[in-house]
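The file query-v4.txt comes next; it holds compact mmCIF, C-alpha atoms.
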```txt
# COMPACT_ATOMS: atom_id res chain seq x y z
CA MET A 402 115.57 47.61 96.96
CA SER A 403 112.04 48.30 97.97
CA ASN A 404 110.51 49.19 94.62
CA LYS A 405 106.82 48.42 94.55
CA ILE A 406 105.52 46.12 91.89
CA GLY A 407 102.10 46.73 90.43
CA PHE A 408 99.96 49.41 88.92
CA ARG A 409 100.97 53.05 88.98
CA HIS A 410 99.11 55.26 91.36
CA TYR A 411 97.82 58.02 89.11
CA GLN A 412 96.13 59.95 91.89
CA ASP A 413 99.51 61.22 93.13
CA GLU A 414 100.27 62.64 89.68
CA ASP A 415 96.83 64.26 89.51
CA ASP A 416 97.35 65.79 92.95
CA LYS A 417 100.72 67.17 91.90
CA GLN A 418 99.21 68.72 88.77
CA LYS A 419 96.40 70.27 90.81
CA GLN A 420 98.92 71.71 93.28
CA GLU A 421 101.02 73.17 90.47
CA GLU A 422 97.92 74.69 88.87
CA GLN A 423 96.92 76.17 92.24
CA LYS A 424 100.39 77.70 92.60
CA ARG A 425 100.09 79.24 89.13
CA GLN A 426 96.68 80.71 89.92
CA THR A 427 97.96 82.10 93.22
CA ALA A 428 101.03 83.67 91.57
CA ILE A 429 98.88 85.42 88.96
CA ALA A 430 96.34 86.61 91.53
CA ASP A 431 99.10 87.89 93.84
CA PHE A 432 100.74 89.83 91.01
CA LEU A 433 97.45 91.46 90.03
CA ARG A 434 96.47 92.22 93.63
CA GLN A 435 99.84 93.81 94.45
CA ASN A 436 100.07 95.99 91.35
CA TYR A 437 96.54 96.81 90.20
CA ALA A 438 93.00 97.37 91.42
CA PRO A 439 89.72 97.07 89.47
CA ILE A 440 88.60 100.53 90.65
CA GLY A 441 90.47 103.65 91.65
CA ALA A 442 91.33 107.25 90.93
CA THR A 443 91.40 108.45 87.34
CA SER A 444 95.00 109.60 87.75
CA GLN A 445 96.05 105.97 88.37
CA LYS A 446 94.13 104.54 85.41
CA VAL A 447 96.15 102.59 82.84
CA TYR A 448 95.21 100.54 79.80
CA LYS A 449 97.02 97.31 79.07
CA THR A 450 96.50 94.52 76.59
CA THR A 451 96.63 90.89 77.60
CA ALA A 452 99.96 90.58 75.79
CA GLU A 453 101.44 93.44 77.83
CA LEU A 454 100.33 91.81 81.06
CA GLN A 455 101.77 88.48 79.90
CA TYR A 456 105.08 90.26 79.32
CA ASP A 457 104.94 91.78 82.81
CA LEU A 458 104.33 88.33 84.29
CA GLN A 459 106.90 86.40 82.26
CA ASN A 460 109.64 86.71 84.91
CA ILE A 461 107.30 85.29 87.53
CA ILE A 462 105.36 82.66 85.61
CA ASP A 463 104.55 81.69 82.03
CA VAL A 464 100.83 82.24 81.58
CA SER A 465 98.54 81.79 78.60
CA ALA A 466 96.36 84.64 77.37
CA LYS A 467 93.21 82.62 78.07
CA GLU A 468 94.23 81.87 81.65
CA LEU A 469 95.19 85.49 82.32
CA ALA A 470 91.95 86.78 80.84
CA ARG A 471 89.97 84.42 83.05
CA GLN A 472 91.81 85.65 86.15
CA LEU A 473 91.24 89.30 85.21
CA THR A 474 87.55 88.66 84.55
CA GLU A 475 87.12 86.88 87.88
CA ALA A 476 88.83 89.82 89.61
CA ARG A 477 86.24 92.10 87.92
CA PHE A 478 88.61 94.14 85.78
CA ALA A 479 86.81 95.93 82.95
CA ILE A 480 87.60 95.95 79.23
CA GLU A 481 87.41 98.99 76.98
CA TYR A 482 87.84 98.95 73.22
CA ILE A 483 90.11 101.64 71.81
CA CYS A 484 90.33 101.78 68.01
CA GLY A 485 88.80 98.31 67.94
CA GLN A 486 91.41 96.70 70.18
CA PRO A 487 90.49 95.42 73.66
CA PHE A 488 92.38 96.90 76.61
CA TRP A 489 92.07 95.98 80.27
CA VAL A 490 91.25 98.94 82.50
CA LEU A 491 93.60 98.80 85.48
CA TYR A 492 94.29 101.18 88.32
CA GLU A 493 97.88 101.16 89.53
CA ARG A 494 98.44 100.78 93.23
CA ILE A 495 100.69 103.39 94.74
CA LYS A 496 103.72 101.75 96.32
CA GLU A 497 105.07 103.51 99.34
```

Would you put the structure from the file into C-alpha cells?
Amino acid sequence: MSNKIGFRHYQDEDDKQKQEEQKRQTAIADFLRQNYAPIGATSQKVYKTTAELQYDLQNIIDVSAKELARQLTEARFAIEYICGQPFWVLYERIKE
C-alpha cells in the first residue's frame, strides 16, 4: 500500500481538464475543416443554424452553442440573417 498522504495535487486535474478541452476543440475544428469551407463556389453554398450544426456534431461530441459559434467565428465563417434568423454561410466540401 503506497498511497501518498498529504495534500492533493490539483495541477494534474487542471492538466487533464485542459487536455480534454483541447481534444474537444480539435474534434470540432476537424469536423468543420473536413465538411465545410468559409469560401467556395455558389453551387456548394449552404445555410445552417448553430442548432443544426450542433445536431450534426452530436454523434462526435456534445458541444454548446457558444463554443461552436466561437469556433466558427475563429474559422472566419460568415453569418447572414434570413427573415431575422442568423444562419452560418458554409460551403460544402466535395468528397471524392

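Remark: for Ala428 (chain A), the closest of the candidate residues A:Ile480, A:Pro487, A:Glu493, A:Leu458 is A:Leu458 (distances computed over only C-alpha atoms).
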
- Rounded to one decimal in Å, what is the spacing between CA of Lys496 (chain A) and CA of Thr443 (chain A)?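 Interatomic distance, CA of Lys496 (chain A) to CA of Thr443 (chain A): 16.7 Å.
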
- Item | Counting only C-alpha atoms, the residue of A:Gln472, A:Asp415, A:Ser465, A:Glu481 that sits nearest Tyr448 (chain A) |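 Comparing A:Gln472, A:Asp415, A:Ser465, A:Glu481 against Tyr448 (chain A), the winner is A:Glu481.
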
- Could you check which of A:Ala452, A:Cys484, A:Gln435, A:Glu414 is closest to Leu469 (chain A), using all atoms listed in the file?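 The answer is A:Ala452, which sits nearest to Leu469 (chain A).
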
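The nearest approach to Pro439 (chain A) among the residues A:Glu468, A:Phe488, A:Leu473, A:Ile495, with only C-alpha atoms taken into account, belongs to A:Leu473.
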
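CA of Arg494 (chain A) sits 5.4 Å away from CA of Asn436 (chain A).
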
Env of Arg471 (chain A): 12 Å cut, atoms = all atoms listed in the file, seq-sep filter 6 positions within chain, self excluded. Answer as a JSON list (two decimals) with C-alpha atoms, in the coordinates of the input.
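For reference, selection00.json as written:
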```
[["chain", "number", "residue", "atom", "x", "y", "z"],
["A", 426, "GLN", "CA", 96.68, 80.71, 89.92],
["A", 429, "ILE", "CA", 98.88, 85.42, 88.96],
["A", 430, "ALA", "CA", 96.34, 86.61, 91.53],
["A", 451, "THR", "CA", 96.63, 90.89, 77.60],
["A", 464, "VAL", "CA", 100.83, 82.24, 81.58],
["A", 465, "SER", "CA", 98.54, 81.79, 78.60],
["A", 477, "ARG", "CA", 86.24, 92.10, 87.92],
["A", 478, "PHE", "CA", 88.61, 94.14, 85.78],
["A", 479, "ALA", "CA", 86.81, 95.93, 82.95]]
```

- Computed gap from CA of Phe432 (chain A) to CA of Asn460 (chain A) is 11.2 Å
